[in-house]
Amino acid sequence: MRITVKARGGEGEFTCEPGEKILHAGLRSGVELPYECGTGTCGTCKAKLVSGRVESEWPEAPGSRYLKGPAELLMCQCRAQEDCALEVGVLKTAEADAPRPAALGGRLQGWRLLTHDVAGFDVELDRPLDFDAGQFALLTVPGIAGARAYSMVNFARAARRLAFVVKKKPGGAVSEWLFGDGVEGTRLGLFAPLGHATFEPGLPKHVVCIAGGSGIAGMMSILARASEADHFAGWDGHVFFGVRSARDGFFLDELQALQARHPARLTVTIALSDEELPGSLPAAYPGLAFARGLVHAVAGERMAGRFAGVRAYVAGPPPMVDASLRLLLREARLTPADIRYDKFS
Amino acid sequence: MGQYEQHVFVCTSGETCPEQGDTEKFVKILRERSKQIGRPTDVRINKAGCFSQCGRGPMIVVYPDDVWYAGVQEADLEEIFTSHIVDGRPVERLRYNPGKPGANKVSEAQLAEIKRAYEAGQAAASAVPDAAWKRVGPTTQVPANGMKEFSVGGTSILVVHTGDAYVAFQALCPHETIPLEQGIHDGSVLTCLEHMWQFDLKTGAPLGDALEGLRSYRLKEDGGELYVALEA
């Protein structure tokens with residue numbers, strides 16, 4: 001089916017296969033349709049149907065509250081039933097070297113608990129995938145409707161393996177499945193890579209990462225990429241990782257190893273929101289700094305007066321992301337172009 | 001080779017420039033931007049005395065390009081900064097070229113006319129019939145340097161306290177109809193946190209990624225109460 005899209009930034013045309021989401025069809029064809037979450041939550045991929053017929057996989061998607069009237073739809077949830085003409089707010093020009101997303105398959109491997117309620121797992125891909133540090137993948141699990149977004153933890157060119165983390169979320173179908181029995185070896189569907197919260201090597205800026213909980217996933221990829229590109233030879237890196245209490249911390253060994261590789265320019269601060277700092281943590285991780293408080297507040301205090309020339313990355317639960325955006329815009333006075341973020345919902 | 005890559009002069013003490021715009025604030029905004037892009041030592045923003053072109057202000061001069069701007073308003077600063085200072089493309093629509101070197105002040109009579117027109121413009125703007133003003137609520141309901149949404153006769157408006165004044169806009173972001181009250185502002189720019197659309201607080205004009213501006217409403221304060229002109 002032919003889909004034509006009009007926007008202020010230009011127009012695009014692509015083919016949509018039966019059963020394929022309009023957003024996916026456009027993105028894999030190199031048409032830069034607007035999107036953020038890809039999972040029906042944020043409303044960014046809304047479009048107006050000018051002609052044709054579509055079917056939504058999830059009409060009650062939270063993102064549908066942004067739709068004004070019956071002619072509007074979420075491209076991440078809709079399949080075309082026939083040739084369609086759509087209008088969207090804006091079409092960006094595709095960056096020539098940005099990896100184009102595609103549907104692919106893989107096998108879940110190496111599931112392991114990282115804390116009492118956070119697990120790590122890998123997906124061995126059927127074919128290699130290029131992605132940018134900080135991007136995410138949509139995962140679909142057999143027998144469960146809808147896709148979930150997970151940020152890649154690792155970074156590699158032509159990656160054969162993607163690493164992810166997942167937090168146990170009671171009532172979340174995919175999360176509960178991932179914490180159930182017999183997940184090892186299961187075949188998963190992926191659509192990847194997605195996301196604009198990326199780190200580009202050669203960026204002439206200091207890097208500040210503010211992450212809450214499993215939001216640290218994408219930061220690990222960014223830090224791996226920055227370390228590999230020797231970014232911290234000339235620029236500072238400041239990582240702020242917020243968790244509730246000491247037992248919720250993970251990747252601390254990896255963060256300490258990164259810090260040890262760039263002792264002069266990289267700092268890593270773990271913020272504990274819900275408990276006083278146990279003395280055992282600083283003793284076990286002399287390369288990391290620890291603080292009591294909400295992660296955005298800790299970042300604000302420790303970075304005060306040092307936000308010039310910074311590109312900030314933010315990921316985590318929505319309230320933490322909102323508080324961090326307020327800090328970065330109002331106190332740090334960064335422009336939106338220098339703030340890259342993902343909201344997990 | 002000079003000491004700075006770019007040297008920007010803003011007239012803040014001439015006879016007319018500071019009356020034609022808040023030029024001290026212009027300086028602050030431009031300095032903040034040069035800091036933000038991490039080049040406070042490459043891009044120097046200086047307050048300047050009179051350029052002897054009085055009546056054509058506010059004026060800004062950028063060296064080494066030797067580009068002169070006339071009639072600059074606060075809403076133009078971002079374009080001058082982004083397009084000219086950062087990208088090297090002067091903002092042609094604001095360029096000053098009287099075709100006459102040296103001093104070029106307007107005559108005393110013209111100057112008086114400019115001032116009269118300016119004051120008349122201010123006065124005309126305030127000429128809203130009494131009946132058109134609708135009561136919004138007491139100023140105390142708007143947090144200092146904050147924002148609050150009100151419903152006035154079925155129309156939702158956002159009242160913003162910018163630090164020295166109250167201004168009013170449509171209550172919802174034109175992008176995704178998110179209440180702007182949930183966003184933030186810094187006295188000159190309003191940001192909707194949902195997708196980072198930004199708006200100029202003086203005019204409601206779109207900034208950055210925003211594709212549409214905000215409808216602004218005339219607002220006045222009288223005896224601690226705010227009144228809005230929804231039709232004006």
# chains A, B, ... in the order shown; residues from 1 in each chain; ligands from 1

call {"tool": "residues_around", "arguments": {"residues": "region 113-116 of chain A", "least_positions_apart": "6", "cutoff": "10 Å", "atoms": "only C-alpha atoms", "output": "ChimeraX atom specification"}}
result
/A:165-168,179,246-251

call {"tool": "write_last_selection", "arguments": {"atoms": "N, CA and C atoms", "output": "short mmCIF file (atom, residue, chain, number, x, y, z; two decimals), in the first residue's frame"}}
result
data_model
loop_
_atom_site.label_atom_id
_atom_site.label_comp_id
_atom_site.auth_asym_id
_atom_site.auth_seq_id
_atom_site.Cartn_x
_atom_site.Cartn_y
_atom_site.Cartn_z
N VAL A 165 18.31 -3.80 30.01
CA VAL A 165 17.90 -4.04 31.40
C VAL A 165 16.40 -3.82 31.49
N VAL A 166 15.79 -4.50 32.42
CA VAL A 166 14.34 -4.36 32.61
C VAL A 166 14.05 -4.32 34.10
N LYS A 167 13.13 -3.43 34.47
CA LYS A 167 12.71 -3.37 35.88
C LYS A 167 11.41 -4.14 36.03
N LYS A 168 11.33 -4.87 37.12
CA LYS A 168 10.12 -5.65 37.40
C LYS A 168 8.99 -4.67 37.69
N PHE A 179 10.28 -11.69 33.94
CA PHE A 179 10.68 -12.18 35.26
C PHE A 179 10.09 -13.55 35.56
N ALA A 246 20.67 1.46 48.65
CA ALA A 246 21.90 0.77 48.24
C ALA A 246 21.59 -0.53 47.51
N ARG A 247 20.53 -1.21 47.92
CA ARG A 247 20.26 -2.51 47.28
C ARG A 247 19.71 -2.35 45.87
N ASP A 248 19.35 -1.12 45.48
CA ASP A 248 18.83 -0.89 44.13
C ASP A 248 19.91 -0.53 43.11
N GLY A 249 21.14 -0.37 43.58
CA GLY A 249 22.22 0.02 42.66
C GLY A 249 22.67 -1.14 41.80
N PHE A 250 22.99 -0.87 40.54
CA PHE A 250 23.59 -1.88 39.67
C PHE A 250 24.52 -1.18 38.69
N PHE A 251 25.28 -1.93 37.95
CA PHE A 251 26.29 -1.39 37.02
C PHE A 251 27.37 -0.59 37.77
#

call {"tool": "residues_around", "arguments": {"residues": "region 118-128 of chain A", "least_positions_apart": "3", "cutoff": "10 Å", "atoms": "only C-alpha atoms", "output": "ChimeraX atom specification"}}
result
/A:104-115,139,152-154,156-169,175,178-179,183-190,213-214,217,248-250

call {"tool": "write_last_selection", "arguments": {"atoms": "C-alpha atoms", "output": "PDB file, in the first residue's frame"}}
result
ATOM      1  CA  LEU A 104      14.503  -8.086  12.768  1.00  0.00           C
ATOM      2  CA  GLY A 105      14.476 -11.099  15.019  1.00  0.00           C
ATOM      3  CA  GLY A 106      16.632 -12.460  17.796  1.00  0.00           C
ATOM      4  CA  ARG A 107      16.898 -14.877  20.658  1.00  0.00           C
ATOM      5  CA  LEU A 108      16.879 -13.965  24.350  1.00  0.00           C
ATOM      6  CA  GLN A 109      20.048 -15.085  26.156  1.00  0.00           C
ATOM      7  CA  GLY A 110      21.957 -14.500  29.357  1.00  0.00           C
ATOM      8  CA  TRP A 111      19.084 -13.443  31.598  1.00  0.00           C
ATOM      9  CA  ARG A 112      20.417 -12.525  35.034  1.00  0.00           C
ATOM     10  CA  LEU A 113      19.195 -10.615  38.068  1.00  0.00           C
ATOM     11  CA  LEU A 114      21.075  -7.356  38.653  1.00  0.00           C
ATOM     12  CA  THR A 115      19.163  -6.343  41.806  1.00  0.00           C
ATOM     13  CA  LEU A 139      10.676  -5.556  21.563  1.00  0.00           C
ATOM     14  CA  MET A 152      20.541  -0.667  24.428  1.00  0.00           C
ATOM     15  CA  VAL A 153      23.133  -0.874  27.230  1.00  0.00           C
ATOM     16  CA  ASN A 154      26.095  -1.812  25.044  1.00  0.00           C
ATOM     17  CA  ALA A 156      29.120  -1.888  19.039  1.00  0.00           C
ATOM     18  CA  ARG A 157      29.212  -1.455  15.304  1.00  0.00           C
ATOM     19  CA  ALA A 158      27.475  -4.228  13.392  1.00  0.00           C
ATOM     20  CA  ALA A 159      26.307  -5.562  16.747  1.00  0.00           C
ATOM     21  CA  ARG A 160      25.319  -9.238  16.880  1.00  0.00           C
ATOM     22  CA  ARG A 161      24.202  -8.868  20.483  1.00  0.00           C
ATOM     23  CA  LEU A 162      22.078  -6.170  22.122  1.00  0.00           C
ATOM     24  CA  ALA A 163      22.129  -5.841  25.917  1.00  0.00           C
ATOM     25  CA  PHE A 164      19.099  -4.539  27.839  1.00  0.00           C
ATOM     26  CA  VAL A 165      17.902  -4.038  31.396  1.00  0.00           C
ATOM     27  CA  VAL A 166      14.341  -4.357  32.611  1.00  0.00           C
ATOM     28  CA  LYS A 167      12.708  -3.367  35.876  1.00  0.00           C
ATOM     29  CA  LYS A 168      10.122  -5.646  37.396  1.00  0.00           C
ATOM     30  CA  LYS A 169       6.790  -3.887  37.077  1.00  0.00           C
ATOM     31  CA  SER A 175       7.923  -7.140  32.485  1.00  0.00           C
ATOM     32  CA  LEU A 178      10.593 -11.348  31.556  1.00  0.00           C
ATOM     33  CA  PHE A 179      10.675 -12.176  35.260  1.00  0.00           C
ATOM     34  CA  VAL A 183      12.388 -16.950  28.944  1.00  0.00           C
ATOM     35  CA  GLU A 184      15.904 -18.061  28.017  1.00  0.00           C
ATOM     36  CA  GLY A 185      16.158 -18.859  24.330  1.00  0.00           C
ATOM     37  CA  THR A 186      12.770 -17.319  23.406  1.00  0.00           C
ATOM     38  CA  ARG A 187      12.579 -15.720  19.990  1.00  0.00           C
ATOM     39  CA  LEU A 188      11.694 -12.005  20.103  1.00  0.00           C
ATOM     40  CA  GLY A 189      10.686  -9.521  17.430  1.00  0.00           C
ATOM     41  CA  LEU A 190      12.547  -6.232  17.269  1.00  0.00           C
ATOM     42  CA  GLY A 213      16.760   3.492  37.820  1.00  0.00           C
ATOM     43  CA  SER A 214      16.770   1.552  34.575  1.00  0.00           C
ATOM     44  CA  ALA A 217      20.775   1.716  30.372  1.00  0.00           C
ATOM     45  CA  ASP A 248      18.832  -0.889  44.132  1.00  0.00           C
ATOM     46  CA  GLY A 249      22.216   0.024  42.660  1.00  0.00           C
ATOM     47  CA  PHE A 250      23.590  -1.884  39.667  1.00  0.00           C
TER      48      PHE A 250
END

call {"tool": "select_by_dssp", "arguments": {"residues": "region 40-193 of chain B", "states": "strand (DSSP E or B)", "output": "MDAnalysis selection string"}}
result
chainID B and resid 43:48 60:63 67:69 95 133:138 147:152 155:161 166:170 172 179 184:185 189:192

call {"tool": "interface_residues", "arguments": {"of": "chain B", "to": "chain A", "cutoff": "10 Å", "atoms": "only C-alpha atoms", "output": "PyMOL selection string"}}
result
chain B and resi 32-40+175-178+182-187+189+191+193-198+208-209+211

call {"tool": "select_by_dssp", "arguments": {"residues": "region 31-213 of chain B", "states": "helix (DSSP H, G or I)", "output": "number ranges by chain"}}
result
B: 31-36, 74-86, 92-94, 108-126, 130-132, 139-141, 180-182

call {"tool": "residues_around", "arguments": {"residues": "region 146-154 of chain B", "least_positions_apart": "2", "cutoff": "12 Å", "atoms": "only C-alpha atoms", "output": "VMD selection string"}}
result
chain B and resid 132 to 144 156 to 172 178 to 187 190 to 191 201 217 226 to 231

call {"tool": "write_last_selection", "arguments": {"atoms": "N, CA and C atoms", "output": "tab-separated table (two decimals), in the first residue's frame"}}
result
chain	number	residue	atom	x	y	z
B	132	ALA	N	-14.84	45.62	27.72
B	132	ALA	CA	-14.12	44.48	27.15
B	132	ALA	C	-13.20	43.81	28.18
B	133	TRP	N	-12.92	44.51	29.26
B	133	TRP	CA	-12.03	43.92	30.26
B	133	TRP	C	-12.80	42.94	31.13
B	134	LYS	N	-12.31	41.73	31.20
B	134	LYS	CA	-12.95	40.72	32.05
B	134	LYS	C	-12.04	40.45	33.25
B	135	ARG	N	-12.67	40.31	34.40
B	135	ARG	CA	-11.88	40.07	35.60
B	135	ARG	C	-11.29	38.65	35.58
B	136	VAL	N	-10.03	38.56	35.88
B	136	VAL	CA	-9.35	37.25	35.92
B	136	VAL	C	-9.28	36.75	37.35
B	137	GLY	N	-8.76	37.60	38.24
B	137	GLY	CA	-8.60	37.22	39.64
B	137	GLY	C	-7.52	38.07	40.26
B	138	PRO	N	-7.30	37.91	41.56
B	138	PRO	CA	-6.28	38.71	42.22
B	138	PRO	C	-4.87	38.26	41.80
B	139	THR	N	-3.96	39.22	41.74
B	139	THR	CA	-2.57	38.90	41.35
B	139	THR	C	-1.95	37.89	42.31
B	140	THR	N	-2.46	37.87	43.54
B	140	THR	CA	-1.87	36.97	44.54
B	140	THR	C	-2.05	35.50	44.18
B	141	GLN	N	-2.97	35.23	43.24
B	141	GLN	CA	-3.16	33.82	42.84
B	141	GLN	C	-2.07	33.34	41.88
B	142	VAL	N	-1.32	34.29	41.32
B	142	VAL	CA	-0.24	33.90	40.40
B	142	VAL	C	1.06	33.89	41.19
B	143	PRO	N	1.71	32.73	41.29
B	143	PRO	CA	2.95	32.68	42.06
B	143	PRO	C	4.00	33.63	41.48
B	144	ALA	N	4.80	34.25	42.34
B	144	ALA	CA	5.87	35.13	41.87
B	144	ALA	C	6.77	34.35	40.93
B	156	SER	N	-9.98	29.51	28.55
B	156	SER	CA	-8.86	29.23	29.44
B	156	SER	C	-7.66	30.09	29.03
B	157	ILE	N	-7.11	30.80	29.99
B	157	ILE	CA	-5.92	31.60	29.70
B	157	ILE	C	-4.83	31.28	30.71
B	158	LEU	N	-3.61	31.50	30.28
B	158	LEU	CA	-2.45	31.31	31.15
B	158	LEU	C	-1.92	32.70	31.52
B	159	VAL	N	-1.80	32.96	32.81
B	159	VAL	CA	-1.21	34.22	33.25
B	159	VAL	C	0.20	33.92	33.76
B	160	VAL	N	1.16	34.66	33.22
B	160	VAL	CA	2.57	34.44	33.56
B	160	VAL	C	3.09	35.66	34.28
B	161	HIS	N	3.73	35.46	35.42
B	161	HIS	CA	4.45	36.56	36.07
B	161	HIS	C	5.91	36.47	35.63
B	162	THR	N	6.34	37.48	34.87
B	162	THR	CA	7.69	37.39	34.26
B	162	THR	C	8.77	37.97	35.15
B	163	GLY	N	8.39	38.37	36.36
B	163	GLY	CA	9.39	38.98	37.23
B	163	GLY	C	9.07	40.45	37.42
B	164	ASP	N	8.71	41.13	36.32
B	164	ASP	CA	8.34	42.54	36.47
B	164	ASP	C	6.96	42.84	35.89
B	165	ALA	N	6.30	41.86	35.34
B	165	ALA	CA	4.98	42.13	34.74
B	165	ALA	C	4.17	40.84	34.67
B	166	TYR	N	2.86	41.02	34.41
B	166	TYR	CA	1.99	39.89	34.15
B	166	TYR	C	1.63	39.90	32.67
B	167	VAL	N	1.70	38.72	32.01
B	167	VAL	CA	1.28	38.61	30.62
B	167	VAL	C	0.35	37.42	30.50
B	168	ALA	N	-0.49	37.42	29.45
B	168	ALA	CA	-1.48	36.35	29.31
B	168	ALA	C	-1.42	35.73	27.92
B	169	PHE	N	-1.59	34.42	27.87
B	169	PHE	CA	-1.59	33.67	26.61
B	169	PHE	C	-2.69	32.62	26.64
B	170	GLN	N	-2.87	31.96	25.50
B	170	GLN	CA	-3.74	30.79	25.47
B	170	GLN	C	-3.18	29.78	26.47
B	171	ALA	N	-4.06	28.96	27.06
B	171	ALA	CA	-3.64	28.12	28.17
B	171	ALA	C	-2.97	26.82	27.72
B	172	LEU	N	-3.27	26.39	26.48
B	172	LEU	CA	-2.77	25.09	26.04
B	172	LEU	C	-1.68	25.26	24.98
B	178	ILE	N	-1.25	20.44	25.59
B	178	ILE	CA	-0.85	20.22	26.98
B	178	ILE	C	-0.97	21.55	27.73
B	179	PRO	N	-1.49	21.55	28.97
B	179	PRO	CA	-1.56	22.82	29.71
B	179	PRO	C	-0.15	23.41	29.89
B	180	LEU	N	0.01	24.66	29.42
B	180	LEU	CA	1.32	25.30	29.53
B	180	LEU	C	1.68	25.58	30.97
B	181	GLU	N	0.68	25.61	31.85
B	181	GLU	CA	0.91	25.82	33.27
B	181	GLU	C	1.90	24.78	33.82
B	182	GLN	N	1.92	23.60	33.19
B	182	GLN	CA	2.84	22.54	33.64
B	182	GLN	C	4.25	22.74	33.12
B	183	GLY	N	4.44	23.74	32.27
B	183	GLY	CA	5.77	24.02	31.75
B	183	GLY	C	6.55	24.92	32.68
B	184	ILE	N	7.61	25.52	32.16
B	184	ILE	CA	8.40	26.43	32.98
B	184	ILE	C	8.72	27.67	32.16
B	185	HIS	N	9.09	28.75	32.88
B	185	HIS	CA	9.57	29.93	32.17
B	185	HIS	C	10.69	30.58	32.96
B	186	ASP	N	11.49	31.36	32.26
B	186	ASP	CA	12.64	32.00	32.93
B	186	ASP	C	12.54	33.52	32.87
B	187	GLY	N	11.35	34.02	32.61
B	187	GLY	CA	11.18	35.47	32.53
B	187	GLY	C	11.17	35.96	31.10
B	190	LEU	N	9.14	30.77	27.53
B	190	LEU	CA	8.25	29.77	28.14
B	190	LEU	C	8.50	28.43	27.43
B	191	THR	N	8.72	27.37	28.21
B	191	THR	CA	8.98	26.06	27.62
B	191	THR	C	7.90	25.08	28.05
B	201	LEU	N	8.11	35.18	25.64
B	201	LEU	CA	7.11	35.66	26.59
B	201	LEU	C	6.64	37.07	26.27
B	217	TYR	N	-2.98	37.69	25.00
B	217	TYR	CA	-4.13	38.51	25.38
B	217	TYR	C	-3.63	39.75	26.11
B	226	LEU	N	-6.38	41.34	38.28
B	226	LEU	CA	-6.00	41.24	36.88
B	226	LEU	C	-7.25	41.23	36.01
B	227	TYR	N	-7.17	41.93	34.86
B	227	TYR	CA	-8.26	41.97	33.90
B	227	TYR	C	-7.70	41.62	32.52
B	228	VAL	N	-8.46	40.86	31.76
B	228	VAL	CA	-7.99	40.45	30.44
B	228	VAL	C	-8.98	40.94	29.38
B	229	ALA	N	-8.44	41.31	28.21
B	229	ALA	CA	-9.28	41.68	27.07
B	229	ALA	C	-9.25	40.52	26.09
B	230	LEU	N	-10.28	39.69	26.13
B	230	LEU	CA	-10.27	38.48	25.31
B	230	LEU	C	-10.47	38.78	23.83
B	231	GLU	N	-11.17	39.87	23.54
B	231	GLU	CA	-11.49	40.16	22.14
B	231	GLU	C	-10.44	41.04	21.48

call {"tool": "closest_residue", "arguments": {"among": "A:Pro318, A:Gly300, A:Gly234, A:Gly195", "to": "Val207 (chain A)", "atoms": "only C-alpha atoms"}}
result
A:Gly234

call {"tool": "residues_around", "arguments": {"residues": "region 66-75 of chain B", "least_positions_apart": "5", "cutoff": "12 Å", "atoms": "only C-alpha atoms", "output": "MDAnalysis selection string"}}
result
chainID B and resid 6:11 16:30 51 53:61 80:81 84:85 88:98 188:189 199:207

call {"tool": "closest_residue", "arguments": {"among": "A:Ala233, A:Ala257, A:Cys209, A:Cys84", "to": "His296 (chain A)", "atoms": "only C-alpha atoms"}}
result
A:Cys209

call {"tool": "atom_distance", "arguments": {"atom1": "CA of Pro142 (chain A)", "atom2": "CA of Cys37 (chain A)"}}
result
20.8 Å

call {"tool": "residues_around", "arguments": {"residues": "Ala289 (chain A)", "least_positions_apart": "4", "cutoff": "8 Å", "atoms": "only C-alpha atoms", "output": "PDB file with C-alpha atoms, in the first residue's frame"}}
result
ATOM      1  CA  THR A 267      32.969  11.697  37.659  1.00  0.00           C
ATOM      2  CA  VAL A 268      30.203   9.303  38.658  1.00  0.00           C
ATOM      3  CA  THR A 269      27.823  10.174  41.498  1.00  0.00           C
ATOM      4  CA  ILE A 270      25.282   7.701  42.857  1.00  0.00           C
ATOM      5  CA  PRO A 282      32.045   4.231  49.429  1.00  0.00           C
TER       6      PRO A 282
END

call {"tool": "closest_residue", "arguments": {"among": "A:Ala7, A:Ala149, A:Ala271, A:Met219", "to": "Asp132 (chain A)", "atoms": "only C-alpha atoms"}}
result
A:Met219
